[in-house]
Structures are given as structure tokens and as C-alpha cells.
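So this one's work-v4.txt, compact mmCIF, C-alpha atoms:
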# COMPACT_ATOMS: atom_id res chain seq x y z
CA MET A 1 -7.93 14.98 9.35
CA ILE A 2 -11.51 15.94 8.59
CA LYS A 3 -14.23 13.42 9.29
CA LYS A 4 -15.17 12.78 5.65
CA ASP A 5 -11.59 11.99 4.62
CA LYS A 6 -11.05 9.70 7.61
CA GLU A 7 -14.27 7.83 6.87
CA PHE A 8 -13.10 7.22 3.30
CA PHE A 9 -9.73 5.99 4.57
CA ILE A 10 -11.44 3.52 6.91
CA ASP A 11 -13.69 2.28 4.08
CA LEU A 12 -10.67 1.90 1.80
CA LEU A 13 -8.85 -0.20 4.39
CA ALA A 14 -11.89 -2.43 4.88
CA ALA A 15 -12.34 -3.09 1.15
CA PRO A 16 -10.59 -6.33 0.11
CA SER A 17 -7.73 -5.88 -2.35
CA PRO A 18 -5.20 -8.73 -2.43
CA SER A 19 -2.87 -8.44 -5.42
CA GLY A 20 -4.85 -9.36 -8.52
CA TYR A 21 -8.17 -8.75 -6.74
CA GLU A 22 -7.98 -5.00 -6.09
CA LEU A 23 -11.23 -3.91 -7.75
CA PRO A 24 -13.40 -3.34 -4.62
CA ALA A 25 -10.84 -0.93 -3.16
CA SER A 26 -10.04 0.58 -6.56
CA LEU A 27 -13.68 1.47 -7.19
CA LEU A 28 -13.87 3.27 -3.84
CA TRP A 29 -10.68 5.20 -4.62
CA ARG A 30 -11.96 6.24 -8.06
CA LYS A 31 -15.24 7.48 -6.58
CA TYR A 32 -13.44 9.53 -3.94
CA VAL A 33 -10.97 11.23 -6.31
CA SER A 34 -13.71 11.98 -8.86
CA GLN A 35 -14.77 14.83 -6.55
CA PHE A 36 -11.70 16.88 -7.41
CA ALA A 37 -9.99 15.28 -10.44
CA GLU A 38 -10.60 16.44 -13.99
CA LYS A 39 -10.39 12.90 -15.29
CA VAL A 40 -10.60 9.49 -13.61
CA TYR A 41 -10.00 6.28 -15.53
CA SER A 42 -8.46 2.82 -15.36
CA ASP A 43 -6.20 0.77 -17.58
CA TYR A 44 -6.28 -2.87 -18.68
CA HIS A 45 -4.05 -3.87 -15.78
CA GLY A 46 -6.44 -2.42 -13.19
CA ASN A 47 -4.51 0.69 -12.17
CA SER A 48 -6.75 3.60 -11.14
CA ILE A 49 -5.69 6.98 -12.53
CA ALA A 50 -6.85 10.47 -11.57
CA ALA A 51 -5.53 13.58 -13.30
CA VAL A 52 -5.68 17.34 -12.83
CA ASN A 53 -4.49 20.10 -15.19
CA ILE A 54 -4.45 17.54 -17.97
CA LYS A 55 -3.47 20.20 -20.54
CA GLY A 56 -0.11 20.67 -18.84
CA LYS A 57 2.76 19.91 -21.20
CA GLN A 58 4.78 18.02 -18.61
CA ARG A 59 3.56 15.11 -16.55
CA LEU A 60 4.09 14.64 -12.81
CA LEU A 61 3.24 11.20 -11.45
CA PHE A 62 2.27 10.25 -7.89
CA THR A 63 1.74 6.58 -7.07
CA GLY A 64 0.60 4.60 -4.05
CA HIS A 65 -0.20 0.93 -4.44
CA ILE A 66 -3.66 -0.21 -3.43
CA ASP A 67 -3.07 -3.95 -3.24
CA GLU A 68 -2.56 -5.79 0.04
CA LEU A 69 -1.36 -9.13 1.29
CA GLY A 70 -3.86 -11.97 1.20
CA PHE A 71 -4.40 -15.57 0.25
CA ILE A 72 -6.04 -17.48 -2.58
CA VAL A 73 -8.11 -20.66 -2.22
CA ASN A 74 -6.14 -23.55 -3.68
CA PHE A 75 -7.82 -26.80 -2.54
CA ILE A 76 -10.90 -28.00 -0.66
CA SER A 77 -10.46 -31.23 1.30
CA ASP A 78 -12.95 -34.10 1.57
CA LYS A 79 -13.88 -32.84 5.03
CA GLY A 80 -14.55 -29.29 3.81
CA PHE A 81 -11.39 -27.58 5.02
CA ILE A 82 -9.94 -24.86 2.78
CA TYR A 83 -6.26 -24.86 1.83
CA PHE A 84 -4.68 -21.78 0.30
CA ARG A 85 -1.64 -20.16 -1.21
CA PRO A 86 -0.21 -16.82 -0.01
CA ILE A 87 -0.46 -13.61 -2.00
CA GLY A 88 2.58 -11.53 -1.09
CA GLY A 89 5.18 -12.02 1.60
CA HIS A 90 3.66 -13.39 4.82
CA ASP A 91 5.22 -14.26 8.16
CA ARG A 92 4.09 -17.89 8.32
CA GLY A 93 4.38 -17.93 12.09
CA ILE A 94 1.43 -15.59 12.58
CA ILE A 95 -1.04 -16.89 9.98
CA SER A 96 -2.82 -19.47 12.14
CA GLY A 97 -5.53 -18.62 14.66
CA ARG A 98 -6.78 -15.62 12.66
CA GLY A 99 -10.22 -14.64 11.54
CA VAL A 100 -10.43 -14.38 7.74
CA LEU A 101 -12.97 -13.49 5.09
CA ILE A 102 -13.16 -15.43 1.83
CA TYR A 103 -14.62 -13.25 -0.92
CA THR A 104 -16.82 -15.48 -3.05
CA SER A 105 -19.32 -14.95 -5.85
CA LYS A 106 -22.04 -15.21 -3.18
CA GLY A 107 -20.44 -12.71 -0.81
CA PRO A 108 -17.91 -12.89 2.02
CA VAL A 109 -17.60 -16.15 3.95
CA ALA A 110 -16.12 -16.03 7.45
CA GLY A 111 -13.53 -18.53 8.55
CA VAL A 112 -10.64 -19.20 10.90
CA THR A 113 -7.11 -20.27 10.02
CA GLY A 114 -6.32 -23.46 11.91
CA LYS A 115 -3.47 -25.86 12.59
CA LYS A 116 -2.71 -28.61 15.10
CA ALA A 117 -2.99 -27.27 18.66
CA ILE A 118 0.24 -26.95 20.63
CA HIS A 119 -0.98 -29.63 23.07
CA MET A 120 -0.96 -32.17 20.20
CA MET A 121 2.50 -31.32 18.91
CA THR A 122 5.71 -33.18 19.53
CA PRO A 123 8.57 -31.16 21.06
CA ASP A 124 10.21 -30.92 17.62
CA GLU A 125 6.98 -29.73 16.00
CA ARG A 126 6.67 -26.94 18.54
CA LYS A 127 10.03 -25.53 17.44
CA LYS A 128 9.08 -25.29 13.76
CA VAL A 129 7.21 -22.60 11.87
CA PRO A 130 4.36 -24.35 10.03
CA GLU A 131 4.44 -24.49 6.26
CA VAL A 132 1.50 -22.85 4.51
CA GLU A 133 0.18 -26.25 3.40
CA ASP A 134 -0.05 -27.25 7.08
CA ILE A 135 -2.53 -24.47 7.79
CA TRP A 136 -6.18 -24.51 6.69
CA ILE A 137 -9.29 -22.36 6.83
CA ASP A 138 -12.25 -23.72 8.77
CA ILE A 139 -15.61 -22.39 7.52
CA GLY A 140 -17.70 -24.91 9.45
CA ALA A 141 -18.39 -27.06 6.38
CA ALA A 142 -19.15 -30.76 6.88
CA SER A 143 -17.75 -31.93 3.53
CA ARG A 144 -16.15 -30.82 0.27
CA GLU A 145 -19.59 -30.64 -1.31
CA ASP A 146 -20.83 -28.47 1.54
CA ALA A 147 -17.87 -26.08 1.23
CA LYS A 148 -18.11 -25.89 -2.57
CA LYS A 149 -21.65 -24.53 -2.28
CA VAL A 150 -20.11 -21.22 -1.23
CA VAL A 151 -16.33 -21.33 -1.88
CA SER A 152 -14.41 -21.89 -5.11
CA VAL A 153 -10.78 -22.42 -6.00
CA GLY A 154 -9.38 -18.99 -6.86
CA ASP A 155 -11.43 -17.01 -4.32
CA PRO A 156 -9.34 -14.33 -2.53
CA VAL A 157 -8.95 -14.22 1.25
CA VAL A 158 -8.02 -11.41 3.66
CA TYR A 159 -7.64 -11.15 7.41
CA ASP A 160 -10.86 -10.11 9.16
CA VAL A 161 -9.34 -7.08 10.89
CA GLN A 162 -10.94 -3.66 11.23
CA PHE A 163 -9.57 -0.15 11.76
CA ASN A 164 -9.14 0.87 15.40
CA SER A 165 -7.73 3.92 17.18
CA ILE A 166 -5.03 3.38 19.80
CA THR A 167 -4.83 7.11 20.52
CA ASP A 168 -6.36 10.10 18.74
CA LYS A 169 -3.66 9.93 16.07
CA ILE A 170 -2.08 6.47 16.34
CA VAL A 171 -4.24 3.89 14.60
CA THR A 172 -4.15 0.22 13.69
CA SER A 173 -5.53 -1.83 10.80
CA ARG A 174 -4.51 -4.35 8.20
CA ALA A 175 -3.31 -3.07 4.83
CA PHE A 176 -1.81 0.32 5.71
CA TYR A 177 0.89 -1.10 3.44
CA ASP A 178 0.10 0.62 1.11
CA LYS A 179 -3.44 1.94 1.25
CA ALA A 180 -1.99 4.73 3.38
CA GLY A 181 0.02 5.71 0.29
CA ALA A 182 -2.96 5.43 -2.05
CA PHE A 183 -4.92 7.62 0.36
CA ALA A 184 -2.09 10.19 0.66
CA ILE A 185 -1.84 10.75 -3.09
CA ALA A 186 -5.62 11.22 -3.25
CA LEU A 187 -5.38 13.83 -0.48
CA ALA A 188 -2.58 15.55 -2.40
CA LEU A 189 -4.85 15.91 -5.44
CA LYS A 190 -7.54 17.38 -3.20
CA LEU A 191 -5.09 19.94 -1.83
CA ILE A 192 -4.10 21.21 -5.29
CA LYS A 193 -7.64 21.36 -6.64
CA GLY A 194 -8.36 24.82 -8.07
CA LYS A 195 -4.77 26.04 -7.69
CA ARG A 196 -2.49 27.09 -10.54
CA ILE A 197 0.10 24.44 -11.34
CA VAL A 198 2.44 23.93 -14.28
CA PRO A 199 2.40 20.15 -14.82
CA ALA A 200 -0.39 17.74 -15.50
CA VAL A 201 -0.56 15.73 -12.28
CA TYR A 202 -1.45 12.05 -12.42
CA ALA A 203 -2.21 10.17 -9.21
CA VAL A 204 -2.25 6.40 -9.66
CA ALA A 205 -3.46 3.77 -7.21
CA THR A 206 -1.28 1.02 -8.58
CA VAL A 207 -1.98 -2.71 -8.48
CA GLN A 208 0.10 -5.83 -7.82
CA GLU A 209 3.01 -4.16 -6.04
CA GLU A 210 3.16 -6.98 -3.51
CA ILE A 211 3.96 -9.52 -6.22
CA GLY A 212 6.58 -7.58 -8.16
CA ILE A 213 5.74 -3.83 -8.45
CA ARG A 214 3.79 -4.74 -11.56
CA GLY A 215 1.21 -1.94 -11.71
CA ALA A 216 3.87 0.75 -11.45
CA HIS A 217 5.59 -0.68 -14.52
CA THR A 218 2.47 -0.56 -16.68
CA SER A 219 1.02 2.74 -15.44
CA ALA A 220 4.32 4.62 -15.65
CA TYR A 221 4.87 3.32 -19.17
CA GLY A 222 1.38 4.47 -20.17
CA ILE A 223 1.59 7.93 -18.60
CA ASP A 224 5.25 8.50 -19.54
CA PRO A 225 5.98 11.00 -16.75
CA HIS A 226 8.83 13.47 -16.64
CA VAL A 227 8.97 13.29 -12.83
CA GLY A 228 7.54 10.63 -10.54
CA ILE A 229 7.11 10.36 -6.78
CA ALA A 230 6.13 7.04 -5.26
CA VAL A 231 4.48 6.96 -1.85
CA ASP A 232 4.89 3.82 0.23
CA VAL A 233 5.45 2.90 3.85
CA THR A 234 8.75 2.27 5.57
CA HIS A 235 9.72 0.60 8.81
CA ALA A 236 9.37 2.75 11.90
CA THR A 237 12.36 1.78 14.00
CA ASP A 238 11.16 3.23 17.31
CA HIS A 239 10.02 -0.04 18.86
CA PRO A 240 11.99 -2.73 20.75
CA ASP A 241 14.48 -5.11 19.12
CA VAL A 242 15.46 -2.88 16.20
CA ASP A 243 19.12 -2.19 15.47
CA THR A 244 19.08 1.42 14.25
CA ARG A 245 22.73 1.07 13.19
CA LYS A 246 21.40 -1.25 10.50
CA GLU A 247 17.88 0.01 9.87
CA GLY A 248 18.29 3.77 10.46
CA GLU A 249 16.16 5.97 12.70
CA VAL A 250 12.52 6.51 11.74
CA LYS A 251 9.90 7.51 14.28
CA LEU A 252 6.13 7.35 14.18
CA GLY A 253 4.64 10.85 14.10
CA ASN A 254 7.87 12.60 13.05
CA GLY A 255 6.78 13.15 9.48
CA PRO A 256 7.10 11.50 6.06
CA VAL A 257 10.42 9.92 5.15
CA ILE A 258 12.37 11.17 2.12
CA LEU A 259 14.68 8.67 0.45
CA ARG A 260 18.30 9.45 -0.37
CA GLY A 261 20.18 6.93 -2.49
CA ALA A 262 20.40 5.34 -5.91
CA ASN A 263 16.62 5.00 -6.34
CA ALA A 264 16.09 8.74 -5.81
CA ASN A 265 17.09 11.60 -8.06
CA PRO A 266 19.37 13.65 -5.77
CA VAL A 267 18.14 17.04 -6.98
CA LEU A 268 14.53 15.95 -6.52
CA SER A 269 15.22 14.65 -3.01
CA ARG A 270 16.93 17.91 -2.12
CA MET A 271 13.97 19.86 -3.50
CA LEU A 272 11.54 17.89 -1.35
CA ILE A 273 13.67 18.60 1.73
CA GLU A 274 13.73 22.33 0.92
CA ILE A 275 9.96 22.36 0.42
CA ALA A 276 9.40 20.58 3.73
CA LYS A 277 11.60 23.10 5.56
CA LYS A 278 9.98 26.11 3.87
CA ASN A 279 6.46 24.94 4.68
CA LYS A 280 7.33 23.66 8.17
CA ILE A 281 6.35 20.11 7.26
CA PRO A 282 8.14 17.64 9.54
CA TYR A 283 10.22 15.12 7.62
CA GLN A 284 12.74 12.34 8.15
CA LEU A 285 15.48 10.88 5.99
CA GLU A 286 16.14 7.32 4.90
CA ALA A 287 19.16 5.97 3.05
CA TYR A 288 19.19 3.02 0.66
CA GLY A 289 22.11 2.10 -1.53
CA GLY A 290 20.33 0.30 -4.37
CA GLY A 291 16.93 -0.11 -5.95
CA THR A 292 14.02 -0.35 -3.54
CA GLY A 293 11.18 -2.85 -3.55
CA THR A 294 8.69 -0.06 -4.23
CA ASP A 295 6.92 1.63 -7.12
CA ALA A 296 9.86 4.06 -7.22
CA ASN A 297 12.09 1.36 -8.67
CA ALA A 298 9.75 0.72 -11.59
CA ILE A 299 9.09 4.41 -12.23
CA GLN A 300 12.78 5.31 -12.32
CA LEU A 301 13.50 2.65 -14.94
CA THR A 302 10.55 3.43 -17.23
CA ARG A 303 11.33 4.12 -20.90
CA LYS A 304 14.43 6.36 -21.04
CA GLY A 305 14.42 6.99 -17.29
CA VAL A 306 12.38 9.21 -14.98
CA ALA A 307 13.47 11.67 -12.28
CA THR A 308 12.11 9.77 -9.29
CA ALA A 309 11.66 10.20 -5.56
CA LEU A 310 10.30 8.01 -2.80
CA VAL A 311 8.36 9.46 0.12
CA SER A 312 7.37 6.96 2.80
CA ILE A 313 4.98 6.84 5.74
CA PRO A 314 6.44 5.36 8.96
CA LEU A 315 4.82 2.05 9.83
CA ARG A 316 5.18 -0.39 12.71
CA TYR A 317 4.72 -4.16 12.30
CA MET A 318 4.80 -4.31 8.50
CA HIS A 319 3.15 -7.31 6.82
CA THR A 320 1.26 -8.36 9.94
CA PRO A 321 -2.52 -8.45 10.42
CA ARG A 322 -2.32 -5.29 12.58
CA GLU A 323 -0.04 -2.55 11.34
CA VAL A 324 0.29 0.82 13.11
CA ILE A 325 0.68 4.36 11.73
CA HIS A 326 0.31 7.97 12.87
CA LEU A 327 -2.36 9.91 10.97
CA ASP A 328 -0.29 13.12 10.99
CA ASP A 329 2.39 11.36 8.92
CA VAL A 330 -0.20 10.59 6.24
CA GLU A 331 -1.50 14.15 6.13
CA ASN A 332 1.99 15.64 6.08
CA CYS A 333 2.94 13.32 3.24
CA ALA A 334 -0.01 14.65 1.22
CA LYS A 335 0.97 18.25 2.03
CA LEU A 336 4.53 17.65 0.87
CA LEU A 337 3.35 16.22 -2.46
CA ALA A 338 0.89 19.08 -2.98
CA GLU A 339 3.53 21.72 -2.24
CA PHE A 340 5.91 20.05 -4.66
CA ALA A 341 3.28 20.12 -7.40
CA LEU A 342 2.73 23.84 -6.75
CA CYS A 343 6.50 24.52 -6.99
CA TYR A 344 7.14 22.38 -10.07
CA LYS A 345 8.49 24.41 -12.98
CA ASP A 346 10.33 22.21 -15.46
CA ALA A 347 11.67 18.65 -15.55
CA SER A 348 15.02 19.98 -16.78
CA ASP A 349 15.60 21.14 -13.19
CA TYR A 350 16.23 17.49 -12.32
CA LEU A 351 18.67 16.56 -15.09
CA LEU A 352 21.89 15.18 -13.64
Show me this structure written as C-alpha cells.
Amino acid sequence: MIKKDKEFFIDLLAAPSPSGYELPASLLWRKYVSQFAEKVYSDYHGNSIAAVNIKGKQRLLFTGHIDELGFIVNFISDKGFIYFRPIGGHDRGIISGRGVLIYTSKGPVAGVTGKKAIHMMTPDERKKVPEVEDIWIDIGAASREDAKKVVSVGDPVVYDVQFNSITDKIVTSRAFYDKAGAFAIALALKLIKGKRIVPAVYAVATVQEEIGIRGAHTSAYGIDPHVGIAVDVTHATDHPDVDTRKEGEVKLGNGPVILRGANANPVLSRMLIEIAKKNKIPYQLEAYGGGTGTDANAIQLTRKGVATALVSIPLRYMHTPREVIHLDDVENCAKLLAEFALCYKDASDYLL
């Protein structure tokens, strides 16, 4: 990965974007793709859309959601402690004891998530996972009035976690789910810039996936694609305590994961596998019997139906403050999308 692209990826990860509050990250994404897209725009929902070959008669859609898990300020106590509600699906057991940033109208405010120390708990309390309302954010305020000088109900909150390299290629950060996907579709647009393609290609950094794949519904309806490929992350199962009989076998660094199952057009999935083999792009397979909790589910069910595929980036420790990916998987995902766009001839190829 070239330095400029990696720097953008790191900036994208650092930008706050809890569902419903994606704009800081969305603006960065729009600026980056404007270097090689013919048209960059947004919709009323907040989706960011970049298009190339816009005169193409058929429309090919790539999506990767740009929202992340977070919290929202819900109540400020008399003593100045901040209570919150979750945005997205959190593991309550790992929320406390974390550095957080509250994004306010006056800028970010640092805090720490707190709860009763283990020394103060009864034996029964130690066995229980705390409810969200039993955890607070400490910003060092002396009173409600003191806290309200900088924080307001409705302010979004994210973990204060930065990008770090574990090895040259294995990296850790918050929000790889799914800024890695939003980044991959941007890279795919870059790879097809200046090359002859048949379809108009629309890359969309979708919003509000974490709370119901909402941005994929609205953007796919607006673009009305003939073929759509969603890019998300999937569980890498190469770490301890995973039953691969249940979860399948997915390894970090072994390439993007192509879905086979009801949420994937079988001809389209087969085409992606053939393209990967032809171009020596490593890939893995994943099976899922029903609809998935990804943008692919919304795209497939748009209007009269869309030929849809799901390509995923292997991820360890999903929905935790420190997720782990392999950078080669991200780049190979982008290459696979770009090669598909170059091979695309007609949507009728995917009629069942």
C-alpha cells in the first residue's frame, strides 16, 4: 500500500463517525475520491457517492459503510458524570475503563468510562456484566453545570483509540468495521481510473449500517443499480476459542472472502471466483444460508431485485475497541472489485 493511501486510511479511521454522526469521516472520503471520480455528491440521508463513467447505460454499485459503533450522551448527573446510550451492538463487558472522546460543539472532550471498582463489589456483582446505565463517563467536571459548559445531550462519543501496526501488514484500530470496506471501494475506483469500462460505477460510503443497514436501502434505491457488490468485514476464525465447524474457516491475510448463499447471486459469486483465479488474487469462501446483516441484504431487495454479491475483509475481534486486519486483504479486495468492473459486460449475464 502506497504511503499516501495508507495515510488517508489512518485519517479515515481517526475521524469520528458513529451511526447518525458520520459527516467528519464522510467529508474525508469525498475529498479523497474526488481525485479520480468524475462526480462526487451526497444524498439527504448522508451517503457519500462517487461515480466514474457516468454515461454508462448500466449501473454497477459498490458499497462500504462508513459508520462505526459509538455512544450518545443521554444524561448529565448532578455531580457532572455523563451517562450515555449505545449506538450499535456493543459488548457491555468491555465498555468500562476505556478512554473516550465526546464530540461537542466546542470540540472533542476527553473522558474515561467508569464503574464501581471490583474491590467495592459484592461477590454477586462481580459475576454480572454491568448494564449500560451502570457505566458513566468521567470528564473531570465538578457539577452538572460544569459539565454542561462543554457537553450536551445528543453529543456523539467514540473510543479514544488510534491506528497501530502490530507487524508490517497486520494492524489494529477501532472502526475497521467497516471503514476498511469504505476504503477498499475508494481504492477500487482509483484502480479503474482512466480505463475503459462498460458500466457506470458508483461507489457509496453508506451510513447507518450499524443500526439497520439504513444507508444501503436509500442509496441503492436512488442509484437503482443493475449489479451491486457490498464490501464489509467478516469474522476471521484463526484465533483461539472459535469452532470452525460452526463459523467456517477464514484466515487473516488469505485474501478477501466471497459469499456463497441466498444473499449472493450464484452467477455473480462464480464470476468473482473466476476473476480472482485468473488474476492470481487470493480469496476465501464463506457460506450463509439466509440474508446477511450487511449492505448486501438491502441492495439485493431494492426495487425489483438486484444481482448482488458480498465480498468481505477478514477481521479479528469485531465490535471491540481494537479490531485487527491484514492490509493485503484490503488491497486484494479493491483489486477484485476493479477487475470485476473491467470484465463487466451486461447485467443479463446474472439473470437466474
Checklist entry - In terms of the shortest atom-to-atom distance over only C-alpha atoms, which of A:Asn74, A:Ser96, A:Gln300, A:Ser312 is closest to Pro256 in chain A? => result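 The answer is A:Ser312, which sits nearest to Pro256 in chain A.
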Item to check | For Val33 in chain A: contacts at 9 Å, all atoms listed in the file, fewer than 2 positions along chain excluded, given as a ChimeraX atom specification | outcome: /A:28-31,35-37,40,50,186-187,189-190
Item to check | Nearby residues (only C-alpha atoms) at most 12 Å from Ala216 in chain A, same-chain spacing under 2 positions excluded, as a PyMOL selection string | outcome: chain A and resi 43+45-49+61-67+203-214+218-225+228-231+293-302
Checklist entry - If you measure from CA of Ala147 in chain A to CA of Phe84 in chain A, what distance in Å do you get, rounded to one decimal? => result 13.9 Å
Checklist entry - Which of these, A:Arg270, A:Lys195, A:His226, A:Lys179, has the shortest distance to Ala307 in chain A once you count only C-alpha atoms? => result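 Among the listed residues, A:His226 lies closest to Ala307 in chain A.
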Item to check | Non-local contacts of Ile54 in chain A (10 Å; all atoms listed in the file; under 3 positions in same chain excluded) as a list in words | outcome: Ala37, Glu38, Lys39, Ala50, Ala51, Lys57, Gln58, Arg59, Pro199, Ala200, Val201 and Tyr202 of chain A
Contact table range 151-266 of chain A vs range 342-351 of chain A, cut-off 9 Å, shortest pair per residue, all atoms listed in the file, as a tab-separated table:
residue	atom	partner	partner_atom	distance
A:Ile192	CA	A:Leu342	CA	7.5
A:Lys195	CA	A:Leu342	CA	7.9
A:Arg196	CA	A:Leu342	CA	7.2
A:Ile197	CA	A:Leu342	CA	5.3
A:Val198	CA	A:Lys345	CA	6.2
A:Pro199	CA	A:Tyr344	CA	7.1
A:His226	CA	A:Ala347	CA	6.0
A:Val227	CA	A:Ala347	CA	6.6
A:Asn265	CA	A:Tyr350	CA	7.3
A:Pro266	CA	A:Tyr350	CA	8.2
Item to check | For CA of Ser77 in chain A and CA of Val153 in chain A, the interatomic separation in Å (one decimal) | outcome: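 CA of Ser77 in chain A sits 11.4 Å away from CA of Val153 in chain A.
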Item to check | Top pick for closest residue to Ser26 in chain A, considering A:Asp138, A:Phe183, A:Lys3, A:Val129 and counting all atoms listed in the file | outcome: A:Phe183
Checklist entry - Suppose you want the space between CA of Asn164 in chain A and CA of Ala14 in chain A; what is it in Å? => result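 For CA of Asn164 in chain A relative to CA of Ala14 in chain A, the distance reads 11.4 Å.
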Next on the checklist: Which residues are near Val250 in chain A? Cut-off 8 Å, only C-alpha atoms, ignore same chain within fewer than 3 positions. Put them as a list of chain:residue names.
Outcome noted: A:His235, A:Ala236, A:Thr237, A:Asp238, A:Asn254, A:Val257, A:Gln284, A:Leu285, A:Glu286, A:Pro314
Which residues are near Ile275 in chain A? Cut-off 12 Å, only C-alpha atoms, ignore same chain within fewer than 2 positions. Put them as a PDB file with C-alpha atoms, keeping the file's coordinate frame.
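Written output follows (selection21.pdb):
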ATOM      1  CA  ILE A 258      12.370  11.170   2.120  1.00  0.00           C
ATOM      2  CA  LEU A 268      14.530  15.950  -6.520  1.00  0.00           C
ATOM      3  CA  SER A 269      15.220  14.650  -3.010  1.00  0.00           C
ATOM      4  CA  ARG A 270      16.930  17.910  -2.120  1.00  0.00           C
ATOM      5  CA  MET A 271      13.970  19.860  -3.500  1.00  0.00           C
ATOM      6  CA  LEU A 272      11.540  17.890  -1.350  1.00  0.00           C
ATOM      7  CA  ILE A 273      13.670  18.600   1.730  1.00  0.00           C
ATOM      8  CA  LYS A 277      11.600  23.100   5.560  1.00  0.00           C
ATOM      9  CA  LYS A 278       9.980  26.110   3.870  1.00  0.00           C
ATOM     10  CA  ASN A 279       6.460  24.940   4.680  1.00  0.00           C
ATOM     11  CA  LYS A 280       7.330  23.660   8.170  1.00  0.00           C
ATOM     12  CA  ILE A 281       6.350  20.110   7.260  1.00  0.00           C
ATOM     13  CA  PRO A 282       8.140  17.640   9.540  1.00  0.00           C
ATOM     14  CA  TYR A 283      10.220  15.120   7.620  1.00  0.00           C
ATOM     15  CA  ASN A 332       1.990  15.640   6.080  1.00  0.00           C
ATOM     16  CA  CYS A 333       2.940  13.320   3.240  1.00  0.00           C
ATOM     17  CA  LYS A 335       0.970  18.250   2.030  1.00  0.00           C
ATOM     18  CA  LEU A 336       4.530  17.650   0.870  1.00  0.00           C
ATOM     19  CA  LEU A 337       3.350  16.220  -2.460  1.00  0.00           C
ATOM     20  CA  ALA A 338       0.890  19.080  -2.980  1.00  0.00           C
ATOM     21  CA  GLU A 339       3.530  21.720  -2.240  1.00  0.00           C
ATOM     22  CA  PHE A 340       5.910  20.050  -4.660  1.00  0.00           C
ATOM     23  CA  ALA A 341       3.280  20.120  -7.400  1.00  0.00           C
ATOM     24  CA  LEU A 342       2.730  23.840  -6.750  1.00  0.00           C
ATOM     25  CA  CYS A 343       6.500  24.520  -6.990  1.00  0.00           C
ATOM     26  CA  TYR A 344       7.140  22.380 -10.070  1.00  0.00           C
TER      27      TYR A 344
END
